[in-house]
Amino acid sequence: MGRLLPFTIYHLLFANMNVLVLNCGSSTAKFQLIATDLDQIARDADEHLASGVIERIGGEAIITFSARGSEARRSTAPVRDTRAAVETVIRWVTSADSGIEEVKSVGDIHAVGHRVVHGGERFKQSVLIDEDVLRGIEDCIDLAPLHNPGNIRGIQAAREVFGPGLPQGAVFDTAFHQTLPPHAYLYALPYQWYRRYRVRRYGFHGTSHRYVAYRYRRLRGLAREQTNIITLHLGNGCSAAAIKGGDSLDTSMGMTPLEGLVMGTRSGDIDPAIIDFVGAKEGLSAQEVDLVLNKQSGLLGISGLTNDMRELLDESHESGDRRAGLAVEIFCYRVRKYVGAYLAAAGGADALVFTGGIGENSAEVRKRVCEGLGWMGVELDPAANQATTARREGLISREGSRLAVYVIPTDEELLIARDTVRLIRGVTQRF
Ligand code: AMP
């Protein structure tokens, strides 16, 4: 593979850049096409041109595409591998059928930004991808064997499809949390496990926590250093972060995304002795128990019904399903517990910020998380809480609430596109 070509004057003359944001997993490829540049970033005037997902790569794939402002279209077609998936995306995006005026040919895509799950201790910020960076991402496979290989295939596929001259950025889920101090990232385990194998807390969802922290300070007109908040990313995966002076101080996911809050199918925190105990009872290996902790626990495990919070809320209200109710209660309780812990860890905060599918949409979960937090200064505004759903951004606490509460829809793809453009333009300031 050739080295990244120097960026040409041609690119510097663009009014804005069309950035293809790719999130390639083991058998899925998600994408967004975003038009942005430094000027658009400053004015929050970036444009989402299209998005989509290809699922079940390797067989008869399910393809969902949607262009700005139009209905999603679903189809099926054989998609052999990640490269074929990227080609399928490009074919659609550049076709007259998609109706995307800004992109008529491959040449109208000016950069690719990749979501990369694990950047280990090496990647503390987003980077432009070259051979050395690619090797660095490969070195982190050990820490994220289920995720990084898919991300690498996405990078290689984009190189093959666009050629080595097209700039590609890597934005890491772990990078934002690289500011954690050692007392927050080290486990109380034999220190040589950290030295030998880099066993430590890395944290994930960093792009989301960073994005909502950025939006929060835009909403309040604050500088980065004045950002003292607790961010709650509650989706199918869930994590909390304590952000102090704009930096991540602690976060609930650990060496892997399994630790911390209760999630759709992940257990979050448990006593590690359970693994051996249940393994012996059920005749399961440690790997098999690990699979249960990741795929059959959390909301799904407790309820025995579903990992979907909306369905659980419906079930508990409409049919009075006890275990559905219990799943929601345990979920909210765990979040509340982390809020308390992070307020103590950070020496207080100015706001709580809810994001993610549950955090953005469920007024009930937000209310139940905040219940009992009055003593620490949380006063929800019930009407504002109820009215803030469906990707709306806003304050949901009462005027004068000592700890403000916000809902801020996340947009990790936007941050990936912006970081890619900033890297290309040589902007080094921290965001
Ligand atoms: P995400 O992984 O961020 O897409 O979030 C997915 C989760 O958000 C699922 O558990 C959904 O049930 C949940 N969700 C989406 N809309 C709502 C809603 N209106 N009320 C409760 N949960 C919701």
# chains A, B, ... in the order shown; residues from 1 in each chain; ligands from 1

call {"tool": "residues_near_ligand", "arguments": {"ligand": "ligand 1", "cutoff": "9 Å", "atoms": "only C-alpha atoms and all ligand atoms", "output": "ChimeraX atom specification"}}
result
/A:233-238,263-264,299,306-314,355-365,389-390,410

call {"tool": "write_last_selection", "arguments": {"atoms": "N, CA and C atoms", "output": "tab-separated table (two decimals), in the first residue's frame"}}
result
chain	number	residue	atom	x	y	z
A	233	HIS	N	-24.61	8.25	28.81
A	233	HIS	CA	-24.96	7.71	27.49
A	233	HIS	C	-25.76	6.44	27.74
A	234	LEU	N	-27.08	6.52	27.56
A	234	LEU	CA	-27.95	5.38	27.83
A	234	LEU	C	-28.60	4.93	26.52
A	235	GLY	N	-28.05	3.88	25.95
A	235	GLY	CA	-28.62	3.32	24.73
A	235	GLY	C	-28.66	1.82	24.90
A	236	ASN	N	-28.42	1.08	23.84
A	236	ASN	CA	-28.31	-0.36	24.02
A	236	ASN	C	-27.04	-0.66	24.84
A	237	GLY	N	-25.97	0.06	24.51
A	237	GLY	CA	-24.79	0.10	25.40
A	237	GLY	C	-24.92	1.34	26.27
A	238	CYS	N	-24.45	1.27	27.50
A	238	CYS	CA	-24.60	2.41	28.41
A	238	CYS	C	-23.29	2.72	29.12
A	263	MET	N	-26.93	-2.70	30.87
A	263	MET	CA	-27.16	-2.36	29.45
A	263	MET	C	-28.22	-3.27	28.86
A	264	GLY	N	-28.43	-3.18	27.55
A	264	GLY	CA	-29.45	-3.99	26.90
A	264	GLY	C	-29.24	-5.47	27.17
A	299	LEU	N	-30.80	-5.85	30.70
A	299	LEU	CA	-32.27	-5.76	30.66
A	299	LEU	C	-32.88	-7.07	30.18
A	306	THR	N	-36.82	-8.97	26.69
A	306	THR	CA	-36.24	-8.15	25.62
A	306	THR	C	-35.14	-7.24	26.19
A	307	ASN	N	-34.28	-6.78	25.26
A	307	ASN	CA	-33.27	-5.79	25.66
A	307	ASN	C	-33.75	-4.37	25.34
A	308	ASP	N	-34.99	-4.26	24.89
A	308	ASP	CA	-35.51	-2.98	24.40
A	308	ASP	C	-36.23	-2.23	25.52
A	309	MET	N	-35.68	-1.09	25.91
A	309	MET	CA	-36.24	-0.35	27.04
A	309	MET	C	-37.69	0.07	26.79
A	310	ARG	N	-37.99	0.47	25.56
A	310	ARG	CA	-39.36	0.93	25.28
A	310	ARG	C	-40.36	-0.20	25.53
A	311	GLU	N	-40.02	-1.39	25.06
A	311	GLU	CA	-40.92	-2.53	25.26
A	311	GLU	C	-41.06	-2.86	26.74
A	312	LEU	N	-39.95	-2.76	27.48
A	312	LEU	CA	-40.01	-3.08	28.91
A	312	LEU	C	-40.91	-2.10	29.65
A	313	LEU	N	-40.80	-0.82	29.29
A	313	LEU	CA	-41.66	0.18	29.94
A	313	LEU	C	-43.13	-0.13	29.61
A	314	ASP	N	-43.39	-0.45	28.34
A	314	ASP	CA	-44.78	-0.78	27.95
A	314	ASP	C	-45.27	-2.00	28.71
A	355	THR	N	-28.00	11.28	27.16
A	355	THR	CA	-27.96	11.07	25.72
A	355	THR	C	-28.15	9.58	25.42
A	356	GLY	N	-28.10	9.20	24.13
A	356	GLY	CA	-28.33	7.80	23.73
A	356	GLY	C	-29.82	7.56	23.54
A	357	GLY	N	-30.19	6.46	22.91
A	357	GLY	CA	-31.59	6.17	22.58
A	357	GLY	C	-32.52	6.28	23.78
A	358	ILE	N	-32.10	5.76	24.92
A	358	ILE	CA	-32.95	5.82	26.13
A	358	ILE	C	-32.87	7.22	26.74
A	359	GLY	N	-31.66	7.73	26.89
A	359	GLY	CA	-31.45	9.04	27.51
A	359	GLY	C	-32.13	10.17	26.75
A	360	GLU	N	-32.18	10.04	25.42
A	360	GLU	CA	-32.78	11.10	24.60
A	360	GLU	C	-34.30	11.01	24.55
A	361	ASN	N	-34.82	9.76	24.66
A	361	ASN	CA	-36.24	9.55	24.39
A	361	ASN	C	-37.12	9.26	25.59
A	362	SER	N	-36.55	8.73	26.66
A	362	SER	CA	-37.42	8.27	27.73
A	362	SER	C	-37.47	9.24	28.91
A	363	ALA	N	-38.55	10.03	28.92
A	363	ALA	CA	-38.76	10.96	30.03
A	363	ALA	C	-38.89	10.17	31.33
A	364	GLU	N	-39.49	8.98	31.24
A	364	GLU	CA	-39.70	8.18	32.45
A	364	GLU	C	-38.37	7.72	33.06
A	365	VAL	N	-37.47	7.22	32.23
A	365	VAL	CA	-36.18	6.78	32.77
A	365	VAL	C	-35.43	7.98	33.37
A	389	THR	N	-38.06	14.93	23.68
A	389	THR	CA	-37.85	13.60	23.10
A	389	THR	C	-37.48	13.77	21.63
A	390	ALA	N	-37.27	12.65	20.96
A	390	ALA	CA	-37.08	12.62	19.50
A	390	ALA	C	-36.02	13.62	19.03
A	410	THR	N	-26.88	12.70	20.90
A	410	THR	CA	-25.49	12.51	20.50
A	410	THR	C	-25.38	12.48	18.98

call {"tool": "residues_around", "arguments": {"residues": "Ser26 of chain A", "least_positions_apart": "4", "cutoff": "8 Å", "atoms": "only C-alpha atoms", "output": "list in words"}}
result
Leu146, His147, Pro149 and Gly150 of chain A

call {"tool": "atom_distance", "arguments": {"atom1": "atom CA of Val427 of chain A", "atom2": "atom CA of Arg201 of chain A"}}
result
29.0 Å

call {"tool": "atom_distance", "arguments": {"atom1": "atom CA of Gly206 of chain A", "atom2": "atom CA of Leu38 of chain A"}}
result
21.9 Å

call {"tool": "select_by_dssp", "arguments": {"residues": "segment 202-420 of chain A", "states": "strand (DSSP E)", "output": "NGL selection string"}}
result
:A and (229-234 or 238-244 or 247-251 or 351-355 or 394-395 or 404-407)

call {"tool": "write_last_selection", "arguments": {"atoms": "N, CA and C atoms", "output": "PDB file, in the first residue's frame"}}
result
ATOM      1  N   ILE A 229     -19.286  18.306  34.211  1.00  0.00           N
ATOM      2  CA  ILE A 229     -20.585  17.650  34.076  1.00  0.00           C
ATOM      3  C   ILE A 229     -20.456  16.129  34.229  1.00  0.00           C
ATOM      4  N   ILE A 230     -21.629  15.509  34.371  1.00  0.00           N
ATOM      5  CA  ILE A 230     -21.678  14.048  34.318  1.00  0.00           C
ATOM      6  C   ILE A 230     -22.522  13.687  33.104  1.00  0.00           C
ATOM      7  N   THR A 231     -21.932  12.953  32.179  1.00  0.00           N
ATOM      8  CA  THR A 231     -22.654  12.590  30.964  1.00  0.00           C
ATOM      9  C   THR A 231     -23.112  11.143  31.082  1.00  0.00           C
ATOM     10  N   LEU A 232     -24.361  10.911  30.673  1.00  0.00           N
ATOM     11  CA  LEU A 232     -24.971   9.578  30.788  1.00  0.00           C
ATOM     12  C   LEU A 232     -25.383   9.128  29.397  1.00  0.00           C
ATOM     13  N   HIS A 233     -24.607   8.253  28.806  1.00  0.00           N
ATOM     14  CA  HIS A 233     -24.964   7.707  27.489  1.00  0.00           C
ATOM     15  C   HIS A 233     -25.755   6.436  27.738  1.00  0.00           C
ATOM     16  N   LEU A 234     -27.076   6.524  27.558  1.00  0.00           N
ATOM     17  CA  LEU A 234     -27.948   5.381  27.828  1.00  0.00           C
ATOM     18  C   LEU A 234     -28.595   4.925  26.525  1.00  0.00           C
ATOM     19  N   CYS A 238     -24.452   1.266  27.504  1.00  0.00           N
ATOM     20  CA  CYS A 238     -24.602   2.412  28.412  1.00  0.00           C
ATOM     21  C   CYS A 238     -23.290   2.720  29.116  1.00  0.00           C
ATOM     22  N   SER A 239     -22.996   4.019  29.247  1.00  0.00           N
ATOM     23  CA  SER A 239     -21.852   4.381  30.083  1.00  0.00           C
ATOM     24  C   SER A 239     -22.044   5.780  30.645  1.00  0.00           C
ATOM     25  N   ALA A 240     -21.417   6.006  31.795  1.00  0.00           N
ATOM     26  CA  ALA A 240     -21.424   7.320  32.425  1.00  0.00           C
ATOM     27  C   ALA A 240     -20.001   7.853  32.399  1.00  0.00           C
ATOM     28  N   ALA A 241     -19.867   9.179  32.355  1.00  0.00           N
ATOM     29  CA  ALA A 241     -18.530   9.766  32.461  1.00  0.00           C
ATOM     30  C   ALA A 241     -18.579  11.000  33.341  1.00  0.00           C
ATOM     31  N   ALA A 242     -17.531  11.174  34.137  1.00  0.00           N
ATOM     32  CA  ALA A 242     -17.369  12.402  34.908  1.00  0.00           C
ATOM     33  C   ALA A 242     -16.391  13.263  34.122  1.00  0.00           C
ATOM     34  N   ILE A 243     -16.845  14.463  33.756  1.00  0.00           N
ATOM     35  CA  ILE A 243     -15.998  15.355  32.949  1.00  0.00           C
ATOM     36  C   ILE A 243     -15.681  16.595  33.776  1.00  0.00           C
ATOM     37  N   LYS A 244     -14.395  16.830  33.962  1.00  0.00           N
ATOM     38  CA  LYS A 244     -13.989  17.962  34.799  1.00  0.00           C
ATOM     39  C   LYS A 244     -13.012  18.827  34.003  1.00  0.00           C
ATOM     40  N   ASP A 247     -12.129  17.618  30.541  1.00  0.00           N
ATOM     41  CA  ASP A 247     -11.483  16.310  30.351  1.00  0.00           C
ATOM     42  C   ASP A 247     -12.245  15.200  31.064  1.00  0.00           C
ATOM     43  N   SER A 248     -12.129  13.991  30.503  1.00  0.00           N
ATOM     44  CA  SER A 248     -12.749  12.847  31.162  1.00  0.00           C
ATOM     45  C   SER A 248     -11.927  12.482  32.397  1.00  0.00           C
ATOM     46  N   LEU A 249     -12.624  12.418  33.534  1.00  0.00           N
ATOM     47  CA  LEU A 249     -11.951  12.140  34.806  1.00  0.00           C
ATOM     48  C   LEU A 249     -12.182  10.698  35.234  1.00  0.00           C
ATOM     49  N   ASP A 250     -13.350  10.171  34.861  1.00  0.00           N
ATOM     50  CA  ASP A 250     -13.642   8.761  35.147  1.00  0.00           C
ATOM     51  C   ASP A 250     -14.790   8.328  34.249  1.00  0.00           C
ATOM     52  N   THR A 251     -14.880   7.040  34.011  1.00  0.00           N
ATOM     53  CA  THR A 251     -15.960   6.531  33.170  1.00  0.00           C
ATOM     54  C   THR A 251     -16.269   5.096  33.567  1.00  0.00           C
ATOM     55  N   ALA A 351     -23.854  20.026  35.890  1.00  0.00           N
ATOM     56  CA  ALA A 351     -25.016  19.485  35.159  1.00  0.00           C
ATOM     57  C   ALA A 351     -24.895  17.991  34.935  1.00  0.00           C
ATOM     58  N   LEU A 352     -26.062  17.366  34.754  1.00  0.00           N
ATOM     59  CA  LEU A 352     -26.146  15.993  34.244  1.00  0.00           C
ATOM     60  C   LEU A 352     -26.613  16.107  32.803  1.00  0.00           C
ATOM     61  N   VAL A 353     -26.040  15.305  31.935  1.00  0.00           N
ATOM     62  CA  VAL A 353     -26.460  15.337  30.526  1.00  0.00           C
ATOM     63  C   VAL A 353     -26.867  13.930  30.101  1.00  0.00           C
ATOM     64  N   PHE A 354     -28.124  13.796  29.673  1.00  0.00           N
ATOM     65  CA  PHE A 354     -28.613  12.502  29.178  1.00  0.00           C
ATOM     66  C   PHE A 354     -28.473  12.435  27.671  1.00  0.00           C
ATOM     67  N   THR A 355     -27.998  11.278  27.161  1.00  0.00           N
ATOM     68  CA  THR A 355     -27.958  11.065  25.719  1.00  0.00           C
ATOM     69  C   THR A 355     -28.146   9.576  25.422  1.00  0.00           C
ATOM     70  N   GLY A 394     -32.232  20.096  25.058  1.00  0.00           N
ATOM     71  CA  GLY A 394     -32.751  21.134  25.944  1.00  0.00           C
ATOM     72  C   GLY A 394     -32.535  20.882  27.419  1.00  0.00           C
ATOM     73  N   LEU A 395     -32.833  21.937  28.184  1.00  0.00           N
ATOM     74  CA  LEU A 395     -32.735  21.922  29.643  1.00  0.00           C
ATOM     75  C   LEU A 395     -34.026  21.315  30.185  1.00  0.00           C
ATOM     76  N   ALA A 404     -28.013  21.366  37.084  1.00  0.00           N
ATOM     77  CA  ALA A 404     -28.886  21.449  35.904  1.00  0.00           C
ATOM     78  C   ALA A 404     -28.961  20.073  35.242  1.00  0.00           C
ATOM     79  N   VAL A 405     -30.037  19.812  34.525  1.00  0.00           N
ATOM     80  CA  VAL A 405     -30.170  18.540  33.812  1.00  0.00           C
ATOM     81  C   VAL A 405     -30.517  18.837  32.348  1.00  0.00           C
ATOM     82  N   TYR A 406     -29.736  18.275  31.456  1.00  0.00           N
ATOM     83  CA  TYR A 406     -29.943  18.500  30.014  1.00  0.00           C
ATOM     84  C   TYR A 406     -30.178  17.180  29.296  1.00  0.00           C
ATOM     85  N   VAL A 407     -30.898  17.275  28.184  1.00  0.00           N
ATOM     86  CA  VAL A 407     -30.945  16.185  27.211  1.00  0.00           C
ATOM     87  C   VAL A 407     -30.212  16.704  25.983  1.00  0.00           C
TER      88      VAL A 407
END

call {"tool": "residues_around", "arguments": {"residues": "Ala35 of chain A", "least_positions_apart": "2", "cutoff": "6 Å", "atoms": "only C-alpha atoms", "output": "list in words"}}
result
Met17, Asn18, Asp46 and Glu47 of chain A

call {"tool": "write_last_selection", "arguments": {"atoms": "all heavy atoms", "output": "short mmCIF file (atom, residue, chain, number, x, y, z; two decimals), in the first residue's frame"}}
result
data_model
loop_
_atom_site.label_atom_id
_atom_site.label_comp_id
_atom_site.auth_asym_id
_atom_site.auth_seq_id
_atom_site.Cartn_x
_atom_site.Cartn_y
_atom_site.Cartn_z
N MET A 17 -16.13 19.94 2.47
CA MET A 17 -15.72 18.58 2.17
C MET A 17 -16.87 17.62 2.42
O MET A 17 -17.57 17.75 3.42
CB MET A 17 -14.56 18.18 3.08
CG MET A 17 -13.34 19.01 2.85
SD MET A 17 -12.06 18.39 3.91
CE MET A 17 -10.79 18.27 2.74
N ASN A 18 -17.01 16.66 1.54
CA ASN A 18 -17.97 15.59 1.75
C ASN A 18 -17.20 14.43 2.39
O ASN A 18 -16.33 13.86 1.75
CB ASN A 18 -18.60 15.17 0.43
CG ASN A 18 -19.35 16.32 -0.21
OD1 ASN A 18 -20.03 17.08 0.48
ND2 ASN A 18 -19.22 16.47 -1.52
N ASP A 46 -22.98 22.11 9.50
CA ASP A 46 -22.66 20.89 8.75
C ASP A 46 -23.97 20.29 8.22
O ASP A 46 -25.03 20.48 8.81
CB ASP A 46 -22.00 19.83 9.65
CG ASP A 46 -21.24 20.43 10.81
OD1 ASP A 46 -21.87 21.13 11.65
OD2 ASP A 46 -20.05 20.22 10.88
N GLU A 47 -23.86 19.51 7.16
CA GLU A 47 -25.07 18.91 6.59
C GLU A 47 -24.94 17.40 6.52
O GLU A 47 -23.96 16.88 5.97
CB GLU A 47 -25.30 19.43 5.19
CG GLU A 47 -25.91 20.81 5.16
CD GLU A 47 -26.32 21.15 3.74
OE1 GLU A 47 -27.39 20.71 3.32
OE2 GLU A 47 -25.52 21.83 3.08
#

call {"tool": "closest_residue", "arguments": {"among": "A:Arg196, A:Arg73, A:Arg334, A:Arg210", "to": "Gln125 of chain A", "atoms": "only C-alpha atoms"}}
result
A:Arg210
